[in-house]
Structures are given as structure tokens and as C-alpha cells.
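File shown: entry.txt. Contents: compact mmCIF, C-alpha atoms.
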```txt
# COMPACT_ATOMS: atom_id res chain seq x y z
CA MET A 7 -182.11 -82.56 154.48
CA GLN A 8 -185.43 -83.56 152.93
CA THR A 9 -186.99 -83.41 149.48
CA LYS A 10 -189.16 -80.47 150.50
CA ASP A 11 -186.00 -78.45 151.23
CA ILE A 12 -184.66 -79.17 147.75
CA ILE A 13 -187.96 -78.20 146.13
CA LYS A 14 -188.01 -74.92 148.05
CA ASP A 15 -184.46 -74.09 146.98
CA TYR A 16 -185.07 -74.78 143.29
CA ASP A 17 -188.31 -72.81 143.35
CA ARG A 18 -186.21 -69.94 144.71
CA ILE A 19 -183.58 -70.31 141.98
CA TYR A 20 -186.07 -70.53 139.11
CA SER A 21 -188.02 -67.58 140.52
CA THR A 22 -184.87 -65.42 140.48
CA PHE A 23 -181.69 -66.31 138.57
CA GLY A 24 -182.84 -69.42 136.71
CA LEU A 25 -180.58 -72.20 135.43
CA ARG A 26 -179.87 -72.12 131.72
CA THR A 27 -177.22 -71.41 129.11
CA ASN A 28 -177.22 -70.31 125.48
CA SER A 29 -179.58 -72.16 123.13
CA ALA A 30 -176.58 -73.06 120.95
CA TYR A 31 -175.31 -75.22 123.82
CA TYR A 32 -178.50 -77.29 123.80
CA ARG A 33 -178.33 -77.63 120.01
CA TRP A 34 -174.80 -78.99 120.45
CA ILE A 35 -176.11 -81.56 122.94
CA ILE A 36 -178.80 -82.60 120.44
CA LYS A 37 -176.13 -82.95 117.75
CA LEU A 38 -174.20 -85.32 120.04
CA LEU A 39 -177.38 -87.26 120.79
CA GLN A 40 -178.30 -87.65 117.09
CA PRO A 41 -181.95 -88.57 117.75
CA LYS A 42 -183.84 -90.45 115.07
CA PRO A 43 -187.38 -89.53 113.97
CA LYS A 44 -190.42 -91.21 115.53
CA THR A 45 -188.70 -91.84 118.85
CA LYS A 46 -189.22 -90.71 122.43
CA ILE A 47 -186.81 -88.62 124.51
CA LEU A 48 -186.94 -87.80 128.21
CA ASP A 49 -185.03 -84.89 129.73
CA VAL A 50 -184.74 -85.60 133.46
CA SER A 51 -184.57 -82.48 135.63
CA CYS A 52 -185.43 -80.48 132.53
CA GLY A 53 -185.38 -77.10 134.28
CA GLU A 54 -186.68 -74.39 131.98
CA GLY A 55 -187.23 -76.83 129.10
CA ILE A 56 -184.71 -75.29 126.70
CA LEU A 57 -183.40 -78.64 125.46
CA LEU A 58 -186.96 -79.80 124.77
CA ARG A 59 -187.76 -76.56 122.94
CA GLU A 60 -184.71 -76.86 120.72
CA MET A 61 -185.44 -80.54 120.08
CA VAL A 62 -188.94 -79.71 118.86
CA LYS A 63 -187.55 -76.97 116.60
CA LEU A 64 -185.08 -79.35 114.98
CA ASN A 65 -187.32 -82.40 114.67
CA ARG A 66 -191.07 -82.41 115.23
CA ASP A 67 -191.26 -86.18 114.65
CA ILE A 68 -189.76 -86.84 118.09
CA GLU A 69 -191.96 -87.15 121.18
CA THR A 70 -190.40 -84.97 123.87
CA TYR A 71 -190.92 -85.49 127.59
CA GLY A 72 -189.53 -83.65 130.59
CA LEU A 73 -189.73 -83.69 134.36
CA ASP A 74 -188.51 -81.49 137.16
CA ILE A 75 -188.94 -81.29 140.92
CA SER A 76 -189.64 -77.54 140.88
CA ASN A 77 -193.15 -76.19 140.24
CA VAL A 78 -191.66 -72.91 139.06
CA ALA A 79 -189.36 -74.67 136.59
CA ILE A 80 -192.25 -76.73 135.25
CA ASP A 81 -194.35 -73.62 134.60
CA ILE A 82 -191.47 -72.03 132.66
CA ALA A 83 -190.70 -75.25 130.76
CA ARG A 84 -194.33 -75.66 129.64
CA LYS A 85 -194.28 -72.13 128.23
CA ASN A 86 -190.93 -72.71 126.49
CA SER A 87 -191.97 -76.05 125.00
CA PRO A 88 -195.76 -76.37 124.94
CA GLN A 89 -195.57 -79.34 122.55
CA SER A 90 -193.66 -81.42 125.13
CA LYS A 91 -195.20 -83.62 127.81
CA ILE A 92 -193.75 -82.13 131.00
CA VAL A 93 -194.57 -83.41 134.48
CA LEU A 94 -193.77 -82.45 138.05
CA ALA A 95 -191.69 -85.31 139.47
CA ASP A 96 -188.52 -86.33 141.30
CA GLY A 97 -185.75 -87.78 139.12
CA GLN A 98 -185.23 -90.43 141.80
CA ARG A 99 -188.83 -91.66 141.21
CA ILE A 100 -189.56 -91.21 137.52
CA PRO A 101 -193.31 -91.67 136.80
CA PHE A 102 -192.91 -93.55 133.51
CA ALA A 103 -192.99 -97.23 132.62
CA ASP A 104 -189.94 -99.46 132.22
CA ASN A 105 -188.26 -99.54 128.79
CA PHE A 106 -190.25 -96.56 127.48
CA PHE A 107 -187.73 -94.07 126.07
CA ASP A 108 -185.27 -94.24 123.17
CA TYR A 109 -183.15 -91.36 124.54
CA VAL A 110 -182.66 -90.05 128.07
CA THR A 111 -180.76 -86.93 129.08
CA CYS A 112 -179.77 -85.53 132.45
CA LEU A 113 -177.82 -82.32 132.01
CA GLY A 114 -175.90 -81.32 135.11
CA SER A 115 -178.52 -82.34 137.66
CA LEU A 116 -177.66 -85.79 138.98
CA GLU A 117 -174.94 -84.42 141.26
CA HIS A 118 -177.59 -82.42 143.13
CA TYR A 119 -179.79 -85.41 143.99
CA LEU A 120 -180.13 -86.77 147.51
CA ASP A 121 -179.24 -90.20 146.06
CA PRO A 122 -177.42 -90.01 142.70
CA GLU A 123 -177.21 -93.81 142.45
CA LEU A 124 -180.97 -94.11 142.73
CA GLY A 125 -181.28 -91.42 140.07
CA LEU A 126 -179.03 -93.42 137.72
CA LYS A 127 -181.02 -96.59 138.28
CA GLU A 128 -184.20 -94.70 137.39
CA LEU A 129 -182.63 -93.32 134.19
CA ALA A 130 -181.75 -96.87 133.15
CA ARG A 131 -185.12 -98.32 134.15
CA VAL A 132 -187.26 -96.08 131.92
CA ALA A 133 -184.96 -96.48 128.89
CA LYS A 134 -185.23 -99.12 126.20
CA ARG A 135 -182.60 -101.82 125.79
CA GLU A 136 -180.85 -99.96 122.93
CA ALA A 137 -181.40 -96.47 124.41
CA LYS A 138 -178.81 -93.73 124.22
CA PHE A 139 -178.06 -91.47 127.18
CA ILE A 140 -176.34 -88.13 127.68
CA ILE A 141 -175.40 -87.52 131.30
CA ILE A 142 -173.49 -84.34 132.17
CA LEU A 143 -171.53 -84.18 135.43
CA PRO A 144 -169.15 -81.57 136.92
CA ASN A 145 -165.39 -81.92 137.20
CA SER A 146 -163.80 -81.40 140.63
CA VAL A 147 -160.44 -80.39 139.07
CA SER A 148 -161.54 -78.21 136.17
CA ILE A 149 -159.59 -75.41 134.55
CA ASP A 150 -162.01 -72.97 136.24
CA PHE A 151 -160.92 -74.42 139.60
CA PHE A 152 -157.24 -73.70 138.87
CA LEU A 153 -157.93 -70.24 137.44
CA GLU A 154 -159.88 -69.32 140.58
CA VAL A 155 -157.05 -70.54 142.80
CA LEU A 156 -154.54 -68.52 140.77
CA ARG A 157 -156.73 -65.42 140.93
CA LYS A 158 -157.85 -65.53 144.57
CA GLY A 159 -155.55 -68.02 146.25
CA GLU A 160 -158.47 -70.14 147.47
CA LYS A 161 -160.80 -72.84 146.24
CA PRO A 162 -163.99 -71.61 144.54
CA LYS A 163 -167.08 -71.77 146.74
CA GLU A 164 -169.86 -74.12 145.63
CA ASP A 165 -173.01 -72.97 147.38
CA PHE A 166 -175.37 -71.78 144.66
CA GLN A 167 -177.46 -74.95 144.83
CA ILE A 168 -178.55 -76.73 148.00
CA ILE A 169 -176.50 -79.88 147.24
CA GLU A 170 -173.20 -79.57 145.38
CA ARG A 171 -171.04 -82.52 144.31
CA SER A 172 -168.21 -82.90 141.82
CA ALA A 173 -165.69 -85.60 140.94
CA THR A 174 -162.96 -86.49 138.48
CA LYS A 175 -163.63 -88.16 135.15
CA LYS A 176 -162.49 -91.54 136.49
CA GLU A 177 -164.69 -91.27 139.59
CA TRP A 178 -167.78 -90.45 137.53
CA ILE A 179 -167.09 -93.33 135.14
CA GLU A 180 -166.85 -95.70 138.10
CA LEU A 181 -170.21 -94.45 139.41
CA LEU A 182 -171.87 -94.84 136.02
CA GLU A 183 -170.49 -98.33 135.49
CA LYS A 184 -171.47 -99.38 139.00
CA ASN A 185 -175.09 -98.46 138.24
CA GLY A 186 -175.67 -100.19 134.94
CA PHE A 187 -174.09 -97.98 132.27
CA VAL A 188 -171.26 -98.30 129.81
CA VAL A 189 -169.59 -95.09 128.64
CA ARG A 190 -169.34 -94.89 124.84
CA ALA A 191 -167.75 -91.45 124.52
CA ILE A 192 -166.81 -88.43 126.65
CA TYR A 193 -166.75 -84.77 125.65
CA GLY A 194 -165.64 -81.77 127.64
CA SER A 195 -168.01 -78.85 128.24
CA ASN A 196 -167.03 -75.39 129.45
CA LEU A 197 -168.82 -72.07 129.84
CA TRP A 198 -170.40 -71.31 126.48
CA PRO A 199 -168.84 -68.35 124.61
CA GLU A 200 -171.50 -65.66 124.09
CA LEU A 201 -170.62 -62.42 122.33
CA PHE A 202 -174.19 -61.13 122.17
CA GLN A 203 -177.03 -61.36 124.64
CA GLU A 204 -179.21 -64.10 123.20
CA GLY A 205 -181.86 -62.82 120.81
CA THR A 206 -180.28 -59.37 120.56
CA TYR A 207 -177.23 -57.60 119.15
CA LYS A 208 -176.26 -56.29 122.58
CA ILE A 209 -172.63 -57.20 123.30
CA LYS A 210 -172.16 -58.97 126.64
CA SER A 211 -168.38 -58.99 127.22
CA VAL A 212 -165.73 -59.22 124.52
CA GLY A 213 -163.08 -60.31 127.04
CA LYS A 214 -165.19 -63.13 128.47
CA TYR A 215 -166.18 -64.21 124.97
CA PHE A 216 -162.60 -64.74 123.81
CA LYS A 217 -161.57 -66.32 127.11
CA ARG A 218 -164.40 -68.86 126.88
CA LEU A 219 -163.69 -69.44 123.19
CA LEU A 220 -160.05 -70.28 123.91
CA ILE A 221 -160.98 -72.56 126.80
CA ARG A 222 -163.64 -74.32 124.73
CA TYR A 223 -161.24 -75.28 121.94
CA PHE A 224 -157.97 -75.75 123.81
CA CYS A 225 -158.90 -77.03 127.28
CA PRO A 226 -157.79 -80.67 127.83
CA LEU A 227 -160.65 -83.08 128.44
CA ASN A 228 -159.52 -83.93 131.98
CA LEU A 229 -159.70 -80.23 132.93
CA ALA A 230 -163.11 -79.50 131.40
CA ARG A 231 -165.68 -77.78 133.57
CA GLU A 232 -168.14 -80.64 132.94
CA PHE A 233 -168.03 -84.06 131.34
CA VAL A 234 -170.60 -85.03 128.73
CA PHE A 235 -170.94 -88.80 128.99
CA ILE A 236 -172.53 -90.64 126.07
CA CYS A 237 -173.78 -93.87 127.60
CA ALA A 238 -175.69 -97.09 126.96
CA LYS A 239 -177.18 -99.72 129.23
CA VAL A 240 -175.32 -102.80 130.40
CA TYR A 241 -177.15 -105.96 131.40
CA ASN A 242 -174.52 -108.54 132.37
CA HIS A 243 -171.11 -109.74 131.24
CA ASN A 244 -172.63 -112.01 128.60
CA ASP A 245 -175.02 -109.37 127.30
CA ARG A 246 -172.79 -106.31 127.11
CA LEU A 247 -173.70 -103.79 124.44
CA LEU A 248 -171.11 -103.35 121.70
```

Produce C-alpha cells that represent the structure in this file.
Amino acid sequence: MQTKDIIKDYDRIYSTFGLRTNSAYYRWIIKLLQPKPKTKILDVSCGEGILLREMVKLNRDIETYGLDISNVAIDIARKNSPQSKIVLADGQRIPFADNFFDYVTCLGSLEHYLDPELGLKELARVAKREAKFIIILPNSVSIDFFLEVLRKGEKPKEDFQIIERSATKKEWIELLEKNGFVVRAIYGSNLWPELFQEGTYKIKSVGKYFKRLLIRYFCPLNLAREFVFICAKVYNHNDRLL
């Protein structure tokens, strides 16, 4: 598999289904990030630019940057967040200087890279010494996995994106720590409960809404659909961030 194959697949996805969730989800991520004014944030593999759009709405004193490998995604992101500086680039080769950003996010994309470890090293490289990261990664033993097995008697198929990876919380922590990060906090993330179609009063599905609501508030962390890792950089044993 080559980079051109990945680009082609994501152009296909963003030209058809897209990859996004409710805007409230991105506002929740921003709340966890707690960005300060007059800082710079980079959203790696920004997709349709919804996080950047919501960031600008909440705080116009923050410089927002994004990158994605898909031309189609970039076009959509620039329309969604015209105030942001959004570039076409591979998250494994980020076209920004060392120690440039105060905050870096990568929301459910790293597991689709050809080389996730290289992607992590690039996230760390472009971030300042005291930078804060949010990295979201999928759980291989989530509650959705068990519900699908109960319902169908087989493992759920993961073939929507060209490369699919998942792991347990412990396995992801080991990968993050191996590549220069320390995990400060972990939150669970599940499918966002949506009663209405966003921007309208059209009801989507009452049953799905209450199911997702229950899972969101009562699902144990280790069974979450995704893990939201709040991270910082680590330099060496004598220079470990506190």
C-alpha cells in the first residue's frame, strides 16, 4: 500500500459519506483541551475542519491550523473554517517548524497512518516544550464490540477506511510512552447522542438517542469506543514533565 492509495480512499470518503460527528462533540474536546488565548493550535488530519470551526467560534484569540492528506477534505475544511490556516499535508511529514504549537490534536486518525509511530514523533516535534495534546484512539474491546457479538454472533467488520487498527487502553499507552509522550488523563468517548439532526428540529432516532446517552454516562472507561488521551511531551528521565 502506498500514500497515493490512502489519498484516493479519503478523497472517496469525503466526497460521499464524510467523517464527522455532532458539533457538541468537538466543543467537548475543546473543553478538555482548555486552550488559552493568544496561542497556536494544530489539528492533525483535521478532516472537514469542524474542530477548528468550533475553536474559532469559542475563542478568536487563538491561531488555528489544520492539515489533511485529502484534497477534498481540505476544500471542505477551508469553507467550514476560513479563518484557519489549513494546508494539504501528510501527518507523517508535518510542514511546520519544531516547537511551534501550544496545542496539538489528532482525533481518531493516527490509527489509519502507514506508520503511526512516525506520526507520533511528528506531533511531538512541532509542539512546544509545555504543549498539551489530545490524541484519540479506538478501543479493540469496546462495548460496541460486545454488543455486535451479542446481536450477530460475530466480530464487527472494520473496513470503512483503507487502514483500520485498534488496541486496548494499555497497548495505546505503551505506544504513546514509547514515542515521547506521558499520559496525563484518559477519558472515554462513545457515539454521541443526537436527538435532532444538527441544525434542525428533525428527530433522528429516539431509541438510538437514549441508547447512546446511557452508554455515554455508564460505560466503563476500559470499554469505551475510543480513548481520549490528554498528553504532554517527555524528554528524558531527568527532565520529565510533572

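Distances to Phe107 (chain A) were evaluated for A:Glu54, A:Asp121, A:Asp49, A:Asp150 using all atoms listed in the file, and the minimum falls at A:Asp49.
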
Compare A:Arg171, A:Leu227, A:Arg218, A:Phe235 by their minimum atom-to-atom distance to Val188 (chain A), counting only C-alpha atoms, and give me the closest one.
A:Phe235

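Using only C-alpha atoms, the smallest distance between any of A:Gln40, A:Asn228, A:Ser211, A:Ser195 and Ala173 (chain A) comes from A:Asn228.
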
Distance table requested - region 89-127 of chain A against region 68-79 of chain A, cut-off 8 Å, all atoms listed in the file: one row per qualifying residue with the closest atom pair and its distance in Å to one decimal, ordered by chain and rising residue number, as JSON lines.
```
{"residue": "A:Gln89", "atom": "CA", "partner": "A:Thr70", "partner_atom": "CA", "distance": 7.8}
{"residue": "A:Ser90", "atom": "CA", "partner": "A:Thr70", "partner_atom": "CA", "distance": 5.0}
{"residue": "A:Lys91", "atom": "CA", "partner": "A:Tyr71", "partner_atom": "CA", "distance": 4.7}
{"residue": "A:Ile92", "atom": "CA", "partner": "A:Gly72", "partner_atom": "CA", "distance": 4.5}
{"residue": "A:Val93", "atom": "CA", "partner": "A:Leu73", "partner_atom": "CA", "distance": 4.8}
{"residue": "A:Leu94", "atom": "CA", "partner": "A:Asp74", "partner_atom": "CA", "distance": 5.4}
{"residue": "A:Ala95", "atom": "CA", "partner": "A:Ile75", "partner_atom": "CA", "distance": 5.1}
{"residue": "A:Asp96", "atom": "CA", "partner": "A:Ile75", "partner_atom": "CA", "distance": 5.1}
{"residue": "A:Gly97", "atom": "CA", "partner": "A:Asp74", "partner_atom": "CA", "distance": 7.1}
```

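Minimum distance to Lys134 (chain A) across A:Lys37, A:Lys42, A:Lys239, A:Arg59 (counting all atoms listed in the file) occurs at A:Lys239.
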
Excluding Trp178 (chain A) and its own-chain neighbours fewer than 5 positions away, which residues fall within 12 Å of it when counting all atoms listed in the file? Please give them as number ranges by chain.
A: 116-117, 122-123, 126, 141-146, 171-173, 183-185, 187-189, 192, 228, 232-235

Specify the axis-aligned box that encloses all atoms of region 183-200 of chain A listed in the file after padding of 6 Å on each side, stating its centre and edge lengths in Å to one decimal as lines of an AutoDock Vina configuration file.
```
center_x = -170.7
center_y = -82.9
center_z = 131.5
size_x = 22.0
size_y = 46.5
size_z = 26.9
```

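If you look at CA of Phe139 (chain A) and CA of Leu48 (chain A), they are 9.7 Å away from each other.
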
Could you check which of A:Ile13, A:Ala230, A:Ile236, A:Val155 is closest to Asn196 (chain A), using all atoms listed in the file?
A:Ala230

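Candidate residues A:Phe152, A:Tyr119, A:Phe106, A:Tyr207 were compared for distance to Leu229 (chain A), and the nearest is A:Phe152, using all atoms listed in the file.
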
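For Leu64 (chain A), the list of residues within 10 Å, based on only C-alpha atoms and with local chain neighbours fewer than 6 positions off taken out, reads Arg33, Ile36 and Leu58 of chain A.
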
List as a PyMOL selection string: which residues have an atom within 12 Å of (-192.4, -96.8, 136.4), counting all atoms listed in the file?
chain A and resi 95+97-107+127-133

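Atom to atom, CA of Lys175 (chain A) and CA of Pro199 (chain A) stand 23.0 Å apart.
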
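CA of Phe202 (chain A) is found 18.1 Å from CA of Ile221 (chain A).
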
Quick one: residues within 9 Å of Arg26 (chain A), all atoms listed in the file counted, chain neighbours fewer than 2 positions away excluded, as a ChimeraX atom specification?
/A:24,28-29,53-54,56

Could you tell me, as a ChimeraX atom specification, which residues have any atom at most 9 Å from (-169.1, -78.3, 122.8), counting all atoms listed in the file?
/A:31,34-35,193-196,198,222-223
